[in-house]
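Worksheet for the structure shown next.
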Amino acid sequence: MITRFFDLSQKVNYKTEILAGLTVAMTMMPESLSFAILAGFPPLAGLYAAFIMGLVTSIFGGRPGLISGGAGATVVVLIALMKSHGIEYVFGAVALAGVVQILIGVFKFGKFIRLVPQPVMYGFVNGLAVIIFMAQLEQFKTVVNGQTVWLTGQPLFIMAGLVALTIAVVLLFPKISKAVPPSLVAIIVVFAVVLGFGIQTKTVSDIASVSGGFPPFHIPNIPFTLATLEIIFPYALIMAAVGLTEGLLTLNLVDEITATRGDGNRECIAQGSANMLNGFFFGMGGCPMIAQTLVNLSAGARARLSGIIASLTILLIILFGAPIIGLLPMAALTGVMIMVAIGTFEWMSFKIVNKMPKQDIVVGVLVALITIWLHNLALAVLIGVIISALVFAWESAKRIRARKYIDENGAKHYEIYGPLFFGSVAAFNEKFDVAGDPEVVIINFRESKVTDMSAIDALSKLTHRYAQAGKTLHLRYLSEDCKVLLKNAAAVIEVNVDEDPTYHVAVGRLI
């Protein structure tokens with residue numbers, strides 16, 4: 001049981017896992033710092049979140065290889081609460097979001113992520129790739145007289161040159177050796193060039209200080225009242241939804257890349273536990289980070305060890321390594337993240353775009369645009385799923401067909417093809433000629449299915465119409481679940497089951 005839980009039976013390449021973890025730590029730190037500063041949090045709150053989220057989810061999460069940290073998707077949700085009520089309320093909301101996520105995992109609601117269609121996944125991933133790329137452009141800006149402006153002249157050439165050098169190393173080093181992650185080699189090479197030639201460029205220390213102690217235990221200093229709950233619960237609910245949406249989509253993406261299957265509900269519980277700890281240990285909370293996950297996978301990591309190494313590396317840097325990490329050129333990290341953005345983008349979506357249904361193309365583009373425009377991954381995915389569901393309902397509604405004939409006994413038969421549900425009820429009713437039909441009418445559902453209350457209501461009203469006309473309506477070959485629906489709804493249709501071993505006959509008439 002313990003072996004299965006911690007995946008200890010999996011063969012681990014320790015060298016690859018350790019190097020991948022170091023690379024992930026280098027790319028995660030500036031992003032967590034940037035998002036913390038953007039939201040008005042203390043910089044260490046971002047690093048603490050990276051450490052806590054990464055460690056807990058790497059050990060207990062739904063799948064190996066998935067990297068969690070202080071992600072911008074969840075932090076953005078908390079900016080308004082930070083401005084209106086302060087950081088103590090933020091910590092309370094983060095802890096409550098963790099509780100919500102744990103409950104979702106316990107009740108196994110994580111499986112609903114399977115309802116996300118592939119076009120929505122394409123839009124989500126492509127939009128996220130653009131966001132990752134656009135975020136790196138901020139490193140080509142500086143603050144002059146309190147205003148943010150683009151770099152010009154020598155600083156611009158230095159930044160662009162170092163980023164280009166990083167990208168070149170990432171692309172070319174695998175041709176030399178695959179023993180070490182190219183991203184880590186690129187960071188080391190650029191670091192050495194900057195230090196060796198004394199090049200003046202933006203470093204990690206220019207963003208914020210990364211020096212501190214172990215995450216302190218801290219109970220949020222807020223009133224434990226119903227009024228407080230009313231304030232933080234909406235933020236907690238949205239944060240939980242955003243975190244799980246991005247996390248489970250990332251988990252699905254890793255499943256595709258590694259040809260393995262993760263556990264969504266276990267990931268929900270791990271995320272929730274990590275966020276609860278964040279709320280009590282001065283962290284801003286977070287969720288799985290797709291960019292760092294892709295860095296981890298591209299470095300060859302496939303086990304949990306790389307995530308653990310990344311988290312512990314961040315903690316050691318906070319405790320001891322801040323002076324060295326503070327000298328790390330932002331250009332190196334920017335180059336690595338640009339390559340991650342390029343690798344994240346689903347270029348295949350362009351190749352198959354002319355083979356996809358038009359509605360799928362629209363959904364994919366719309367999800368990507370919403371992701372880029374609003375930076376709200378959960379909203380983008382939700383809108384995409386709703387539109388896809390409506391399109392599916394519309395297309396399914398058009399499939400309802402009826403084959404009509406009169407048998408030797410004078411009874412008229414309607415053989416129904418296609419699902420009977422709320423979208424197809426109107427077309428279904430148009431198939432029948434109550435006034436012109438003979439006294440006995442038989443509806444054959446062998447190739448159809450009664451799926452919802454709207455369908456049951458349609459059958460009830462149709463039975464009533466035939467009864468008023470003095471005619472009898474027979475419903476045949478209803479499946480077992482259709483009969484259960486009819487009985488549970490207490491419809492006006494009386495159901496009788498014959499002895500057929502495969503199909504069942506239902507006779508409907510107004511009593």
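A note on labels: chains of the structure tokens are A, B, ... as shown, every chain counts residues from 1, and ligands are counted from 1 in their shown order.
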Exercise for the section: Tell me, as a PyMOL selection string, which residues lie within 7 Å of segment 208-223 of chain A, counting only C-alpha atoms; anything in the same chain fewer than 6 positions away does not count. Expected result: chain A and resi 43-44+48+88-89+91-92+280-282+318-319+322
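Proximity ranking of A:Ala270, A:Ala469, A:Cys482, A:Val336 relative to Leu162 of chain A places A:Val336 first, based on only C-alpha atoms.
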Determine, for each residue of segment 143-234 of chain A having at least one atom at most 10 Å from an atom of segment 21-40 of chain A, the closest pair of atoms and their separation in Å to one decimal, counting only C-alpha atoms; order by chain and ascending number, as CSV.
```
residue,atom,partner,partner_atom,distance
A:Pro181,CA,A:Thr23,CA,7.6
A:Pro182,CA,A:Thr23,CA,9.1
A:Ser183,CA,A:Thr23,CA,6.6
A:Leu184,CA,A:Thr23,CA,5.1
A:Val185,CA,A:Thr23,CA,8.9
A:Ala186,CA,A:Thr23,CA,9.9
A:Ile187,CA,A:Met26,CA,8.4
A:Thr203,CA,A:Pro30,CA,9.7
A:Val204,CA,A:Pro30,CA,6.7
A:Ser205,CA,A:Pro30,CA,9.6
A:Ile207,CA,A:Ser34,CA,7.2
A:Ala208,CA,A:Leu33,CA,7.1
A:Ser209,CA,A:Leu33,CA,9.0
A:Val210,CA,A:Leu33,CA,8.4
```
Practice task
Run DSSP on the backbone and grab whatever in segment 214-265 of chain A lands in alpha helix (DSSP H); send it over as a ChimeraX atom specification.
Solution key: /A:226-258,264-265
At a cut-off of 12 Å, can you tabulate as a Markdown table every residue of segment 315-377 of chain A near segment 292-295 of chain A together with its closest atom pair and the distance in Å to one decimal, using only C-alpha atoms and ordering rows by chain then number?
```
| residue | atom | partner | partner_atom | distance |
| --- | --- | --- | --- | --- |
| A:Leu333 | CA | A:Val295 | CA | 11.5 |
| A:Val336 | CA | A:Val295 | CA | 8.5 |
| A:Met337 | CA | A:Val295 | CA | 8.4 |
| A:Ile338 | CA | A:Val295 | CA | 11.0 |
| A:Met339 | CA | A:Val295 | CA | 9.1 |
| A:Val340 | CA | A:Val295 | CA | 6.5 |
| A:Ala341 | CA | A:Leu294 | CA | 9.3 |
| A:Ile342 | CA | A:Leu294 | CA | 10.8 |
| A:Gly343 | CA | A:Leu294 | CA | 8.0 |
| A:Thr344 | CA | A:Leu294 | CA | 7.4 |
| A:Phe345 | CA | A:Leu294 | CA | 11.1 |
```
Practice task
Select, from A:Thr258, A:Ser388, A:Gln136, A:Thr250, the residue with the minimum atom-to-atom distance to Met289 of chain A, counting only C-alpha atoms.
Solution key: A:Thr250
Practice task
Go through A:Val190, A:Ala227, A:Ile290, A:Leu473 and flag the residue nearest Leu165 of chain A, using only C-alpha atoms for the distances.
Solution key: A:Val190
Compile the contact shell of segment 80-83 of chain A as a PDB file with N, CA and C atoms, in the first residue's frame: residues with an atom at most 9 Å away, counting only C-alpha atoms, same-chain residues fewer than 3 positions apart removed.
```
ATOM      1  N   ALA A  39       0.533  41.187  -7.053  1.00  0.00           N
ATOM      2  CA  ALA A  39      -0.675  41.187  -6.223  1.00  0.00           C
ATOM      3  C   ALA A  39      -0.532  42.025  -4.964  1.00  0.00           C
ATOM      4  N   GLY A  40       0.655  42.572  -4.720  1.00  0.00           N
ATOM      5  CA  GLY A  40       0.850  43.381  -3.517  1.00  0.00           C
ATOM      6  C   GLY A  40       1.205  42.563  -2.290  1.00  0.00           C
ATOM      7  N   PHE A  41       1.581  41.282  -2.469  1.00  0.00           N
ATOM      8  CA  PHE A  41       1.978  40.442  -1.346  1.00  0.00           C
ATOM      9  C   PHE A  41       3.459  40.651  -1.032  1.00  0.00           C
ATOM     10  N   VAL A  76      -4.238  36.036  -9.166  1.00  0.00           N
ATOM     11  CA  VAL A  76      -5.044  37.105  -9.759  1.00  0.00           C
ATOM     12  C   VAL A  76      -6.418  37.205  -9.087  1.00  0.00           C
ATOM     13  N   VAL A  77      -6.960  36.049  -8.694  1.00  0.00           N
ATOM     14  CA  VAL A  77      -8.273  36.028  -8.041  1.00  0.00           C
ATOM     15  C   VAL A  77      -8.258  36.807  -6.724  1.00  0.00           C
ATOM     16  N   GLY A  86      -6.863  43.341   2.980  1.00  0.00           N
ATOM     17  CA  GLY A  86      -5.516  43.065   3.470  1.00  0.00           C
ATOM     18  C   GLY A  86      -5.141  41.600   3.415  1.00  0.00           C
ATOM     19  N   ILE A  87      -3.873  41.338   3.737  1.00  0.00           N
ATOM     20  CA  ILE A  87      -3.307  40.016   3.517  1.00  0.00           C
ATOM     21  C   ILE A  87      -3.829  38.966   4.497  1.00  0.00           C
ATOM     22  N   GLU A  88      -4.274  39.374   5.683  1.00  0.00           N
ATOM     23  CA  GLU A  88      -4.789  38.387   6.638  1.00  0.00           C
ATOM     24  C   GLU A  88      -6.043  37.715   6.089  1.00  0.00           C
ATOM     25  N   TYR A  89      -6.893  38.490   5.439  1.00  0.00           N
ATOM     26  CA  TYR A  89      -8.087  37.913   4.817  1.00  0.00           C
ATOM     27  C   TYR A  89      -7.710  37.022   3.639  1.00  0.00           C
ATOM     28  N   VAL A  90      -6.626  37.394   2.956  1.00  0.00           N
ATOM     29  CA  VAL A  90      -6.137  36.559   1.858  1.00  0.00           C
ATOM     30  C   VAL A  90      -5.729  35.187   2.374  1.00  0.00           C
ATOM     31  N   ALA A  93      -8.764  33.191   3.027  1.00  0.00           N
ATOM     32  CA  ALA A  93      -9.393  32.722   1.789  1.00  0.00           C
ATOM     33  C   ALA A  93      -8.614  31.558   1.186  1.00  0.00           C
ATOM     34  N   ILE A 231     -17.275  37.354   3.354  1.00  0.00           N
ATOM     35  CA  ILE A 231     -16.270  38.118   2.600  1.00  0.00           C
ATOM     36  C   ILE A 231     -15.324  37.197   1.849  1.00  0.00           C
ATOM     37  N   ILE A 232     -14.803  36.174   2.543  1.00  0.00           N
ATOM     38  CA  ILE A 232     -13.739  35.366   1.946  1.00  0.00           C
ATOM     39  C   ILE A 232     -14.248  34.183   1.127  1.00  0.00           C
ATOM     40  N   TYR A 235     -14.199  34.463  -2.801  1.00  0.00           N
ATOM     41  CA  TYR A 235     -12.829  34.421  -3.312  1.00  0.00           C
ATOM     42  C   TYR A 235     -12.263  33.007  -3.200  1.00  0.00           C
TER      43      TYR A 235
END
```
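Residue nearest Trp347 of chain A, chosen from A:Gly307, A:Gly123, A:Pro419, A:Gly326 and counting only C-alpha atoms: A:Gly123.
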